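input-v7.cif (mmCIF, C-alpha atoms) appears below.
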```cif
data_my_file
loop_
_atom_site.label_atom_id
_atom_site.label_comp_id
_atom_site.auth_asym_id
_atom_site.auth_seq_id
_atom_site.Cartn_x
_atom_site.Cartn_y
_atom_site.Cartn_z
CA MET A 6 0.00 0.00 0.00
CA LEU A 7 2.82 2.29 1.00
CA ASN A 8 4.74 1.27 -2.12
CA ARG A 9 1.81 2.12 -4.41
CA LYS A 10 1.48 5.55 -2.80
CA LYS A 11 5.19 6.12 -3.33
CA ILE A 12 4.95 5.19 -7.02
CA ALA A 13 1.97 7.53 -7.48
CA LYS A 14 3.87 10.35 -5.80
CA ASN A 15 6.85 9.73 -8.07
CA ILE A 16 4.70 9.85 -11.20
CA LEU A 17 3.11 13.11 -10.05
CA GLY A 18 6.51 14.53 -9.15
CA ASP A 19 7.86 13.78 -12.60
CA ASN A 20 4.86 15.30 -14.29
CA ILE A 21 4.20 18.26 -12.10
CA LEU A 22 5.05 20.59 -14.98
CA LEU A 23 2.43 18.91 -17.11
CA VAL A 24 -0.25 18.99 -14.43
CA LEU A 25 0.40 22.60 -13.48
CA GLY A 26 0.61 23.62 -17.12
CA LEU A 27 -2.76 22.06 -17.88
CA VAL A 28 -4.33 23.67 -14.83
CA ILE A 29 -2.94 27.14 -15.70
CA ALA A 30 -4.01 26.76 -19.34
CA GLY A 31 -7.51 25.80 -18.19
CA ILE A 32 -7.70 28.76 -15.81
CA PHE A 33 -6.59 31.25 -18.45
CA LEU A 34 -8.98 29.82 -21.03
CA LEU A 35 -11.76 30.28 -18.56
CA LEU A 36 -10.67 33.80 -17.63
CA ASP A 37 -10.36 34.83 -21.26
CA THR A 38 -13.82 33.48 -22.02
CA PHE A 39 -15.21 36.00 -19.54
CA ASN A 40 -12.94 38.81 -20.76
CA ILE A 41 -11.36 39.21 -17.33
CA VAL A 42 -7.79 39.28 -18.68
CA LYS A 43 -8.38 41.94 -21.33
CA PRO A 44 -5.92 44.46 -19.77
CA LEU A 45 -3.26 41.75 -19.79
CA ARG A 46 -3.96 41.06 -23.47
CA SER A 47 -3.71 44.77 -24.27
CA GLY A 48 -0.39 45.10 -22.44
CA ILE A 49 1.19 42.10 -24.13
CA SER A 50 -0.16 43.18 -27.49
CA PHE A 51 1.32 46.68 -27.04
CA ILE A 52 4.77 45.30 -26.22
CA PHE A 53 5.09 42.25 -28.44
CA ASN A 54 2.86 42.83 -31.45
CA PRO A 55 5.36 45.11 -33.30
CA ILE A 56 8.17 42.52 -33.11
CA TYR A 57 5.76 39.73 -34.10
CA VAL A 58 4.46 41.73 -37.08
CA ASP A 59 8.03 42.53 -38.14
CA GLY A 60 9.01 38.86 -38.00
CA LYS A 61 5.85 37.92 -39.86
CA ASN A 62 6.46 40.49 -42.61
CA ILE A 63 10.10 39.52 -43.07
CA GLY A 64 9.12 35.85 -43.12
CA SER A 65 6.41 36.51 -45.70
CA GLY A 66 8.87 38.51 -47.83
CA ALA A 67 11.43 35.72 -47.70
CA LYS A 68 8.72 33.18 -48.54
CA GLU A 69 7.72 35.23 -51.56
CA TYR A 70 11.35 35.32 -52.65
CA PHE A 71 11.74 31.54 -52.31
CA THR A 72 8.40 30.95 -54.01
CA THR A 73 9.60 33.06 -56.94
CA ILE A 74 12.81 31.05 -57.17
CA GLY A 75 10.80 27.83 -56.97
CA LYS A 76 8.59 28.96 -59.81
CA VAL A 77 11.42 29.91 -62.15
CA GLY A 78 10.46 26.98 -64.40
CA ASP A 79 6.90 28.25 -64.65
CA PHE A 80 8.11 31.78 -65.28
CA ARG A 81 10.41 30.53 -68.04
CA LYS A 82 7.53 28.65 -69.62
CA GLU A 83 5.34 31.76 -69.37
CA PHE A 84 8.15 33.86 -70.83
CA ASN A 85 8.46 31.50 -73.81
CA GLU A 86 4.71 31.60 -74.34
CA LEU A 87 4.76 35.39 -74.21
CA LYS A 88 7.66 35.42 -76.65
CA ILE A 89 5.72 33.25 -79.07
CA SER A 90 2.66 35.43 -78.56
CA SER A 91 4.79 38.52 -79.22
CA TYR A 92 6.15 36.95 -82.42
CA GLU A 93 2.62 36.15 -83.54
CA LYS A 94 1.61 39.74 -82.91
CA ASP A 95 4.66 40.96 -84.85
CA ILE A 96 3.67 38.72 -87.73
CA ASN A 97 0.11 40.01 -87.61
CA ASN A 98 1.39 43.56 -87.42
CA ALA A 99 3.62 43.00 -90.45
CA HIS A 100 0.63 41.55 -92.25
CA TYR A 101 -1.43 44.63 -91.40
CA GLN A 102 1.41 46.84 -92.60
CA VAL A 103 1.37 45.00 -95.94
CA LEU A 104 -2.38 45.43 -96.12
CA LEU A 105 -2.03 49.14 -95.32
CA GLU A 106 0.59 49.59 -98.02
CA GLU A 107 -1.61 47.72 -100.48
CA ASN A 108 -4.55 49.87 -99.48
CA THR A 109 -2.52 53.06 -100.00
CA SER A 110 -1.36 51.83 -103.43
CA LEU A 111 -4.92 50.99 -104.43
CA LYS A 112 -6.07 54.44 -103.34
CA LYS A 113 -3.39 56.03 -105.51
CA GLN A 114 -4.38 53.83 -108.40
CA LEU A 115 -8.05 54.75 -108.00
CA ASP A 116 -7.10 58.42 -108.19
CA LEU A 117 -5.81 57.93 -111.73
CA GLY A 118 -7.21 60.14 -114.45
CA ASN A 119 -7.38 57.29 -116.94
CA LYS A 120 -9.53 54.68 -115.33
CA GLU A 121 -10.37 52.90 -118.53
CA LYS A 122 -7.24 50.83 -118.47
CA LYS A 123 -7.05 47.60 -116.55
CA TYR A 124 -4.47 47.21 -113.84
CA LEU A 125 -3.28 44.11 -112.11
CA LEU A 126 -2.17 44.39 -108.51
CA SER A 127 1.17 42.72 -108.12
CA LYS A 128 3.56 42.17 -105.23
CA VAL A 129 7.23 43.02 -105.50
CA LEU A 130 9.33 39.93 -104.86
CA GLY A 131 12.70 41.61 -105.06
CA ILE A 132 14.90 44.23 -106.67
CA GLU A 133 18.28 43.41 -108.17
CA ASN A 134 20.91 46.13 -108.54
CA ILE A 135 18.16 48.77 -108.55
CA SER A 136 17.69 47.96 -112.23
CA ASN A 137 15.39 44.96 -112.21
CA MET A 138 12.31 44.25 -110.21
CA GLN A 139 10.72 40.83 -109.81
CA ILE A 140 6.95 40.73 -109.42
CA ASP A 141 4.64 37.84 -108.61
CA LYS A 142 2.33 38.11 -111.60
CA GLY A 143 3.08 36.47 -114.93
CA SER A 144 1.50 35.35 -118.15
CA LYS A 145 -1.04 33.32 -116.20
CA GLU A 146 -2.64 36.58 -115.05
CA GLY A 147 -2.29 38.27 -118.45
CA VAL A 148 1.01 40.08 -118.04
CA GLU A 149 2.87 40.52 -121.32
CA LYS A 150 6.29 41.66 -122.31
CA GLY A 151 6.23 45.44 -122.62
CA SER A 152 3.44 45.93 -120.05
CA VAL A 153 3.82 49.18 -118.15
CA VAL A 154 4.24 48.98 -114.41
CA SER A 155 3.18 51.94 -112.30
CA VAL A 156 1.93 53.08 -108.90
CA GLY A 157 -0.74 55.69 -109.33
CA ASN A 158 0.66 58.22 -111.80
CA MET A 159 4.23 57.25 -111.05
CA PHE A 160 6.18 55.28 -113.57
CA VAL A 161 7.93 52.20 -112.23
CA GLY A 162 9.14 50.30 -115.28
CA ILE A 163 8.39 48.09 -118.24
CA VAL A 164 8.00 44.34 -118.14
CA GLN A 165 11.06 42.81 -119.79
CA SER A 166 10.39 39.10 -119.50
CA VAL A 167 7.37 37.09 -118.45
CA ASP A 168 7.08 33.67 -116.88
CA LEU A 169 3.95 31.81 -115.98
CA GLU A 170 4.05 32.88 -112.32
CA GLY A 171 6.19 36.02 -112.37
CA SER A 172 7.76 38.76 -114.42
CA LEU A 173 10.89 40.87 -114.55
CA VAL A 174 10.43 44.62 -114.74
CA LEU A 175 13.12 46.96 -116.00
CA LEU A 176 13.33 50.04 -113.79
CA PRO A 177 14.40 53.45 -115.15
CA TYR A 178 17.86 52.81 -113.66
CA SER A 179 18.43 49.92 -116.09
CA LYS A 180 20.97 50.55 -118.80
CA SER A 181 18.58 48.95 -121.26
CA ASN A 182 15.95 51.61 -120.64
CA SER A 183 15.58 54.63 -122.85
CA PHE A 184 12.41 56.71 -123.09
CA GLU A 185 11.24 59.88 -124.56
CA VAL A 186 10.14 62.25 -121.84
CA PHE A 187 9.24 65.88 -121.39
CA VAL A 188 10.07 68.23 -118.56
CA THR A 189 7.44 70.37 -116.93
CA ASP A 190 7.49 72.79 -114.03
CA VAL A 191 4.00 72.10 -112.74
CA GLY A 192 3.52 71.10 -109.17
CA VAL A 193 3.23 67.51 -108.17
CA LYS A 194 1.58 66.44 -105.00
CA GLU A 195 1.65 62.85 -103.84
CA GLY A 196 2.58 61.70 -107.32
CA LYS A 197 -0.19 63.63 -109.07
CA VAL A 198 0.15 66.63 -111.36
CA VAL A 199 -1.84 69.41 -109.68
CA ASP A 200 -1.78 72.10 -112.34
CA GLY A 201 -2.00 72.48 -116.12
CA VAL A 202 0.91 70.94 -117.99
CA SER A 203 3.40 73.24 -119.73
CA ILE A 204 6.17 71.44 -121.61
CA LEU A 205 9.52 73.13 -120.96
CA SER A 206 11.50 70.75 -123.08
CA LYS A 207 11.45 67.31 -124.55
CA ALA A 208 14.32 65.02 -123.68
CA VAL A 209 15.55 61.44 -123.56
CA LEU A 210 15.77 59.42 -120.38
CA ARG A 211 18.46 56.76 -120.07
CA GLY A 212 19.36 54.49 -117.25
CA SER A 213 23.00 54.16 -116.35
CA GLY A 214 22.86 51.43 -113.78
CA ASP A 215 23.48 53.72 -110.81
CA ASP A 216 21.58 56.81 -111.98
CA ILE A 217 18.82 57.92 -114.24
CA ASN A 218 20.17 60.41 -116.75
CA ILE A 219 18.17 62.82 -118.82
CA GLU A 220 19.76 64.15 -122.02
CA ASN A 221 18.96 66.33 -124.97
CA ILE A 222 17.25 69.03 -122.94
CA SER A 223 16.92 72.06 -125.10
CA MET A 224 19.57 74.71 -124.43
CA ASN A 225 17.01 77.47 -124.67
CA SER A 226 14.58 75.90 -122.27
CA ALA A 227 14.10 77.18 -118.73
CA VAL A 228 14.47 73.77 -117.17
CA LYS A 229 15.77 73.88 -113.65
CA ASP A 230 16.39 71.51 -110.75
CA GLY A 231 13.16 70.24 -109.27
CA ASP A 232 11.18 70.25 -112.50
CA ILE A 233 9.11 67.17 -113.21
CA VAL A 234 10.04 64.54 -115.75
CA VAL A 235 7.04 62.90 -117.42
CA THR A 236 7.08 59.98 -119.87
CA MET A 237 5.96 60.66 -123.42
CA ASP A 238 6.84 57.42 -125.12
CA GLU A 239 4.68 55.15 -127.21
CA ARG A 240 5.93 52.14 -125.25
CA VAL A 241 4.56 53.66 -122.07
CA GLY A 242 1.46 54.86 -123.78
CA GLY A 243 0.60 57.64 -121.30
CA TYR A 244 1.93 60.41 -119.16
CA LEU A 245 3.52 58.98 -116.08
CA ILE A 246 5.84 60.81 -113.75
CA VAL A 247 9.38 59.47 -113.46
CA GLY A 248 10.94 61.96 -111.08
CA GLN A 249 12.44 65.37 -110.61
CA ILE A 250 15.37 67.05 -112.33
CA ALA A 251 18.52 67.07 -110.23
CA ASN A 252 22.09 68.22 -110.95
CA LEU A 253 21.26 70.05 -114.14
CA VAL A 254 24.43 70.52 -116.20
CA SER A 255 24.53 73.32 -118.70
CA ASN A 256 27.66 73.40 -120.85
CA PRO A 257 27.81 76.47 -123.16
CA ALA A 258 29.88 74.49 -125.63
CA ALA A 259 27.27 71.75 -125.83
CA THR A 260 24.11 71.82 -127.89
CA SER A 261 21.89 70.51 -125.10
CA LYS A 262 21.61 70.27 -121.34
CA SER A 263 21.75 67.08 -119.31
CA ALA A 264 20.80 66.19 -115.77
CA LYS A 265 20.06 63.41 -113.35
CA VAL A 266 16.55 62.36 -112.44
CA ALA A 267 15.64 61.69 -108.83
CA PRO A 268 12.71 59.27 -108.73
CA LEU A 269 9.66 60.36 -106.73
CA VAL A 270 9.46 56.96 -105.11
CA ASP A 271 12.22 54.85 -103.73
CA TYR A 272 11.91 51.64 -105.70
CA ASP A 273 13.36 49.65 -102.80
CA ASP A 274 10.39 50.64 -100.65
CA LEU A 275 7.76 49.49 -103.09
CA MET A 276 5.78 46.45 -102.05
CA SER A 277 2.80 46.66 -104.40
CA VAL A 278 2.79 47.78 -108.02
CA PHE A 279 0.20 47.79 -110.80
CA VAL A 280 0.74 46.15 -114.15
CA GLU A 281 -1.24 47.59 -117.01
CA ILE A 282 -2.89 44.77 -118.92
CA GLU A 283 -4.72 44.88 -122.20
CA MET B 8 22.89 42.90 -10.34
CA LYS B 9 22.85 39.27 -11.37
CA THR B 10 19.07 39.18 -11.16
CA VAL B 11 18.74 42.36 -13.23
CA LEU B 12 21.01 40.91 -15.91
CA ARG B 13 19.03 37.68 -15.88
CA ILE B 14 15.77 39.59 -16.37
CA LEU B 15 17.39 41.56 -19.18
CA TYR B 16 18.58 38.38 -20.90
CA ILE B 17 15.15 36.81 -20.59
CA ALA B 18 13.44 39.93 -22.00
CA VAL B 19 15.79 40.11 -24.99
CA GLY B 20 15.49 36.35 -25.47
CA LEU B 21 11.71 36.63 -25.46
CA PHE B 22 11.72 39.32 -28.14
CA LEU B 23 14.17 37.32 -30.22
CA LEU B 24 12.18 34.13 -29.82
CA ILE B 25 8.90 35.80 -30.81
CA PHE B 26 10.59 37.32 -33.86
CA VAL B 27 12.17 34.00 -34.92
CA GLU B 28 8.94 32.11 -34.36
CA ALA B 29 6.92 34.60 -36.44
CA PHE B 30 9.60 34.53 -39.14
CA PHE B 31 9.74 30.73 -39.47
CA VAL B 32 5.99 30.21 -39.14
CA ASN B 33 5.43 32.57 -42.07
CA LEU B 34 8.38 31.29 -44.08
CA PHE B 35 8.05 27.48 -43.79
CA ALA B 36 5.14 27.07 -41.31
CA PHE B 37 7.85 25.71 -39.05
CA ARG B 38 7.39 26.15 -35.29
CA ILE B 39 10.54 26.49 -33.26
CA ILE B 40 9.19 27.22 -29.78
CA PHE B 41 7.81 23.77 -29.07
CA LEU B 42 11.07 22.28 -30.27
CA LEU B 43 12.95 24.38 -27.75
CA PHE B 44 10.40 23.48 -25.08
CA LEU B 45 10.89 19.78 -25.78
CA PHE B 46 14.63 20.24 -25.83
CA ALA B 47 14.61 22.02 -22.47
CA TYR B 48 12.22 19.52 -20.88
CA LYS B 49 13.99 17.66 -18.08
CA LYS B 50 17.13 19.71 -18.76
CA LEU B 51 15.87 22.85 -17.05
CA ASP B 52 14.27 23.04 -13.64
CA TRP B 53 10.52 22.50 -14.06
CA LYS B 54 9.72 25.78 -12.30
CA ASP B 55 11.88 27.79 -14.70
CA LEU B 56 10.54 25.92 -17.70
CA LEU B 57 6.95 26.38 -16.63
CA SER B 58 7.36 30.12 -16.02
CA VAL B 59 9.15 30.70 -19.32
CA SER B 60 6.74 28.56 -21.33
CA PHE B 61 3.79 30.24 -19.58
CA VAL B 62 5.03 33.72 -20.52
CA ILE B 63 5.89 32.71 -24.09
CA SER B 64 2.56 30.98 -24.57
CA LEU B 65 0.71 34.05 -23.32
CA ILE B 66 2.63 36.27 -25.75
CA MET B 67 1.99 33.86 -28.60
CA ASP B 68 -1.71 33.70 -27.74
CA VAL B 69 -2.02 37.47 -27.85
CA THR B 70 0.02 37.99 -31.02
CA MET B 71 -1.76 35.14 -32.83
CA HIS B 72 -5.17 36.26 -31.54
CA TYR B 73 -5.85 32.96 -29.82
CA LYS B 74 -7.60 32.52 -26.50
CA LEU B 75 -5.21 32.90 -23.60
CA GLY B 76 -3.95 29.48 -22.55
CA THR B 77 -4.24 27.96 -26.03
CA ASN B 78 -0.52 27.73 -26.67
CA LEU B 79 0.15 26.41 -23.16
CA LEU B 80 -2.43 23.73 -23.80
CA LEU B 81 -0.78 23.04 -27.17
CA PHE B 82 2.50 22.53 -25.32
CA MET B 83 1.05 20.37 -22.58
CA ILE B 84 -1.00 17.88 -24.57
CA PRO B 85 1.96 16.58 -26.64
CA LEU B 86 4.05 16.71 -23.47
CA GLY B 87 1.39 14.55 -21.81
CA VAL B 88 1.73 12.00 -24.60
CA PHE B 89 5.48 12.21 -24.27
CA SER B 90 5.23 11.61 -20.51
CA LEU B 91 2.90 8.69 -21.10
CA PHE B 92 5.60 7.02 -23.15
CA THR B 93 8.11 7.59 -20.34
CA LEU B 94 6.02 5.30 -18.14
CA PHE B 95 6.61 2.39 -20.49
CA SER B 96 10.12 2.90 -21.77
CA SER B 97 13.18 5.07 -21.44
CA VAL B 98 13.01 8.16 -23.61
CA GLU B 99 16.31 9.61 -22.54
CA ASP B 100 18.48 8.12 -25.24
CA GLY B 101 18.51 6.03 -28.40
CA ILE B 102 16.31 5.97 -31.43
CA GLY B 103 13.21 5.33 -29.31
CA ALA B 104 13.64 8.76 -27.70
CA TYR B 105 13.59 10.43 -31.09
CA ILE B 106 10.57 8.43 -32.28
CA VAL B 107 8.62 9.48 -29.17
CA ARG B 108 9.69 13.08 -29.62
CA PHE B 109 8.75 12.92 -33.29
CA PHE B 110 5.21 11.81 -32.43
CA SER B 111 4.94 14.56 -29.84
CA ILE B 112 5.99 17.20 -32.36
CA PHE B 113 3.67 15.75 -34.99
CA LEU B 114 0.81 15.84 -32.48
CA TYR B 115 1.70 19.47 -31.70
CA TYR B 116 1.48 20.38 -35.38
CA VAL B 117 -1.82 18.56 -35.85
CA LEU B 118 -3.25 20.15 -32.71
CA ASN B 119 -2.17 23.53 -34.05
CA LEU B 120 -4.46 22.91 -37.00
CA ILE B 121 -7.54 22.10 -34.98
CA LEU B 122 -7.31 23.28 -31.38
CA PRO B 123 -7.08 27.12 -31.71
CA SER B 124 -10.14 27.19 -33.93
CA PHE B 125 -11.95 24.84 -31.58
CA LEU B 126 -11.25 27.00 -28.56
CA LEU B 127 -12.17 30.20 -30.39
CA THR B 128 -15.27 29.21 -32.30
CA GLY B 129 -16.19 25.77 -31.06
CA THR B 130 -15.53 24.21 -34.45
CA LEU B 131 -12.52 22.14 -35.37
CA GLY B 132 -10.11 23.83 -37.77
CA SER B 133 -9.75 22.68 -41.33
CA ILE B 134 -7.53 19.66 -41.62
CA ASN B 135 -6.80 17.74 -44.79
CA GLY B 136 -4.31 15.25 -46.17
CA ARG B 137 -2.01 17.94 -47.41
CA SER B 138 -1.80 19.77 -44.08
CA VAL B 139 -1.21 16.49 -42.24
CA LEU B 140 1.51 15.59 -44.73
CA TYR B 141 3.07 19.00 -44.24
CA SER B 142 2.92 18.51 -40.47
CA PHE B 143 4.62 15.15 -40.89
CA VAL B 144 7.44 16.66 -42.98
CA ALA B 145 7.86 19.59 -40.59
CA SER B 146 8.00 17.16 -37.63
CA LEU B 147 10.60 15.09 -39.45
CA PHE B 148 12.67 18.20 -40.08
CA ALA B 149 12.24 19.27 -36.45
CA ILE B 150 13.41 15.92 -35.13
CA LEU B 151 16.44 16.07 -37.41
CA LEU B 152 17.22 19.50 -36.05
CA LEU B 153 16.81 18.21 -32.50
CA PHE B 154 19.13 15.34 -33.26
CA LEU B 155 21.75 17.70 -34.67
CA ILE B 156 21.53 20.01 -31.66
CA ASN B 157 21.90 17.07 -29.26
CA TYR B 158 24.80 15.72 -31.31
CA MET B 159 26.57 19.09 -31.28
CA ILE B 160 26.02 19.58 -27.54
CA GLY B 161 27.26 16.05 -26.93
CA GLY B 162 30.41 16.86 -28.92
CA ILE B 163 31.04 20.02 -26.92
CA ARG B 164 30.60 18.13 -23.64
CA LYS B 165 33.05 15.46 -24.78
CA ARG B 166 35.64 18.09 -25.66
CA GLY B 167 35.12 19.71 -22.26
CA SER B 168 35.66 16.44 -20.43
CA GLN B 169 38.91 15.72 -22.32
CA SER B 170 40.66 18.53 -20.44
CA GLN B 171 39.84 16.95 -17.10
CA ILE B 172 42.57 15.01 -15.31
CA ARG B 173 41.74 11.38 -15.07
CA LEU B 174 43.13 8.96 -12.53
CA LYS B 175 43.42 5.41 -13.70
#
```
The structure given in the file should be rewritten as structure tokens.
Amino acid sequence: MLNRKKIAKNILGDNILLVLGLVIAGIFLLLDTFNIVKPLRSGISFIFNPIYVDGKNIGSGAKEYFTTIGKVGDFRKEFNELKISSYEKDINNAHYQVLLEENTSLKKQLDLGNKEKKYLLSKVLGIENISNMQIDKGSKEGVEKGSVVSVGNMFVGIVQSVDLEGSLVLLPYSKSNSFEVFVTDVGVKEGKVVDGVSILSKAVLRGSGDDINIENISMNSAVKDGDIVVTMDERVGGYLIVGQIANLVSNPAATSKSAKVAPLVDYDDLMSVFVEIE
Amino acid sequence: MKTVLRILYIAVGLFLLIFVEAFFVNLFAFRIIFLLFLFAYKKLDWKDLLSVSFVISLIMDVTMHYKLGTNLLLFMIPLGVFSLFTLFSSVEDGIGAYIVRFFSIFLYYVLNLILPSFLLTGTLGSINGRSVLYSFVASLFAILLLFLINYMIGGIRKRGSQSQIRLK
């Protein structure tokens, strides 16, 4: 009997912390239920809440940092998807740019004085040595050798050779090109003659590979830099603007004046042209 | 003077402990205070341990917006289980000691999921497979940490005893 009591006392002695802890916890739970310890709560909160909140915030910040590192794979995947999406948008944008350019070209073409002729919209495939232009329309669409290529009222070139699916256009820069032209001083706005035409001089236009030369300008004419050069050749079959006079050379010993012609459009920038078809 | 210094140490220690606890709970949901409590159990005088754990638990209750006494109860229930094991076998040393401690810590984590909510609202907190699994992993990590601390302290003690003069 005495031994049992001793064992029980030993067990209690070993676990006095546990027993007291449970009793205190119970008491405080009870007290807090009845709001008796509110001042104590307020005091502890005033002293320890700032340090707890700081620890919590720093811990949350560090967690966010580690979470970000852990999700690097996801971020990379997302980045790749965004990159692809961006490329797709670039492609779409480029497509819209092409459509816009085509639209602008069509508008110019619709503004033509001579609307009786038939024009075939064609895409420029490439330009070689600023003399030759490849286009995507050929004999299949009715393009023939000698067809005139233009954009609005601006002269682009003459079809030199025709395949089934494409054609080669000789630009005014080509050494093979030679046209009869006239020079006028009327104003040109956006490739259109805006005033009555007064011929200052007739002349001959020749390509030299690097430049477009104009020769045989009458010595007595009042041609000056900036005047407009307009085709007047049976092969072209209409008045189309080639460019403006530049670097006019007037040699008193010579019988005529010569100059360079600066095209109104940069042929390299052309994406759509119109082929005149019969 | 000694008493004043002791109070100062305890105050600074309390602030540090609260900060570290809040930091780790928010970072890994890892609770360090119970680990320290378990580590100090039977190493410190029970009166000291009870007073310190009582103060800490009160602070934790207030900062976590629990009912006062919740954290003390959370300490005592796993400790009760731990003490129950001591009746049947030795939990001072060996792998058995760590297994018992592991279950105590695991119980502490699981109780943390359900008990505060129960005491506050009368309904058990949400507990699912994932949270139990996380508690299991955290307990495993805690027991590893406890093992390492014990190992390191054991090493220091050994080194200390080497300098003693031994008579054969």
Selection dump of the PyMOL selection byres ((chain A) within 9 of (chain B)), as an MDAnalysis selection string:
chainID A and resid 16 19:27 29:38 42 46:47 49:50 53:54 56:69 71
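Of note, atom CA of Val153 of chain A and atom CA of Ala251 of chain A are spaced 24.5 Å apart.
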Since I can't run it myself right now, could you work out what the PyMOL selection byres ((chain A and resi 201-213) around 8) selects here and report it as a PyMOL selection string?
chain A and resi 177-191+198-200+214-223+226-228
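Take atom CA of Ser277 of chain A and atom CA of Ser91 of chain A: the distance between them is 26.5 Å.
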Translate the PyMOL selection byres ((chain A and resi 272) around 12) into a concrete residue list for this structure, as number ranges by chain.
A: 129, 131-139, 154-156, 159-162, 174-178, 247-248, 267-271, 273-278
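Polymer residues near (9.2, 38.0, -110.1): counting only C-alpha atoms with a cut-off of 6 Å, they are Leu130, Gln139, Ile140, Asp141, Gly171, Ser172 and Leu173 of chain A.
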Box dimensions and centre (Å, one decimal) enclosing segment 18-30 of chain B, axis-aligned, 4 Å extra per side, as lines of an AutoDock Vina configuration file:
```
center_x = 11.4
center_y = 36.1
center_z = -30.6
size_x = 16.9
size_y = 16.0
size_z = 25.1
```
So which residues touch Leu140 of chain B within 12 Å, counting only C-alpha atoms, skipping near sequence neighbours fewer than 5 positions away, as a ChimeraX atom specification?
/B:113,116-117,134-135,145-147
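A straight line drawn from atom CA of Ser133 of chain B to atom CA of Leu120 of chain B is 6.8 Å long.
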Check the smallest atom-to-atom distance from each of A:Lys265, A:His100, A:Lys76, A:Lys43 to Asp232 of chain A using all atoms listed in the file, then report the winner.
A:Lys265
Since the input has fewer atoms than a full residue there, write segment 210-221 of chain A out with N, CA and C atoms, as a PDB file, in the frame of the given file.
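Generated output (rebuild-v1.pdb):
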```pdb
ATOM      1  N   LEU A 210      15.394  59.968-121.696  1.00  0.00           N
ATOM      2  CA  LEU A 210      15.770  59.420-120.380  1.00  0.00           C
ATOM      3  C   LEU A 210      16.534  58.107-120.587  1.00  0.00           C
ATOM      4  N   ARG A 211      17.678  57.999-119.949  1.00  0.00           N
ATOM      5  CA  ARG A 211      18.460  56.760-120.070  1.00  0.00           C
ATOM      6  C   ARG A 211      18.901  56.301-118.675  1.00  0.00           C
ATOM      7  N   GLY A 212      18.854  55.035-118.504  1.00  0.00           N
ATOM      8  CA  GLY A 212      19.360  54.490-117.250  1.00  0.00           C
ATOM      9  C   GLY A 212      20.850  54.223-117.377  1.00  0.00           C
ATOM     10  N   SER A 213      21.561  54.423-116.268  1.00  0.00           N
ATOM     11  CA  SER A 213      23.000  54.160-116.350  1.00  0.00           C
ATOM     12  C   SER A 213      23.447  53.114-115.323  1.00  0.00           C
ATOM     13  N   GLY A 214      22.510  52.445-114.797  1.00  0.00           N
ATOM     14  CA  GLY A 214      22.860  51.430-113.780  1.00  0.00           C
ATOM     15  C   GLY A 214      22.766  51.997-112.389  1.00  0.00           C
ATOM     16  N   ASP A 215      23.494  53.094-112.148  1.00  0.00           N
ATOM     17  CA  ASP A 215      23.480  53.720-110.810  1.00  0.00           C
ATOM     18  C   ASP A 215      22.547  54.919-110.755  1.00  0.00           C
ATOM     19  N   ASP A 216      22.380  55.579-111.915  1.00  0.00           N
ATOM     20  CA  ASP A 216      21.580  56.810-111.980  1.00  0.00           C
ATOM     21  C   ASP A 216      20.595  56.745-113.131  1.00  0.00           C
ATOM     22  N   ILE A 217      19.698  57.717-113.082  1.00  0.00           N
ATOM     23  CA  ILE A 217      18.820  57.920-114.240  1.00  0.00           C
ATOM     24  C   ILE A 217      19.246  59.250-114.858  1.00  0.00           C
ATOM     25  N   ASN A 218      19.699  59.186-116.069  1.00  0.00           N
ATOM     26  CA  ASN A 218      20.170  60.410-116.750  1.00  0.00           C
ATOM     27  C   ASN A 218      19.104  60.919-117.705  1.00  0.00           C
ATOM     28  N   ILE A 219      19.071  62.212-117.842  1.00  0.00           N
ATOM     29  CA  ILE A 219      18.170  62.820-118.820  1.00  0.00           C
ATOM     30  C   ILE A 219      19.052  63.682-119.750  1.00  0.00           C
ATOM     31  N   GLU A 220      18.900  63.482-121.021  1.00  0.00           N
ATOM     32  CA  GLU A 220      19.760  64.150-122.020  1.00  0.00           C
ATOM     33  C   GLU A 220      18.891  64.871-123.055  1.00  0.00           C
ATOM     34  N   ASN A 221      19.601  65.614-123.866  1.00  0.00           N
ATOM     35  CA  ASN A 221      18.960  66.330-124.970  1.00  0.00           C
ATOM     36  C   ASN A 221      17.910  67.339-124.508  1.00  0.00           C
TER      37      ASN A 221
END
```
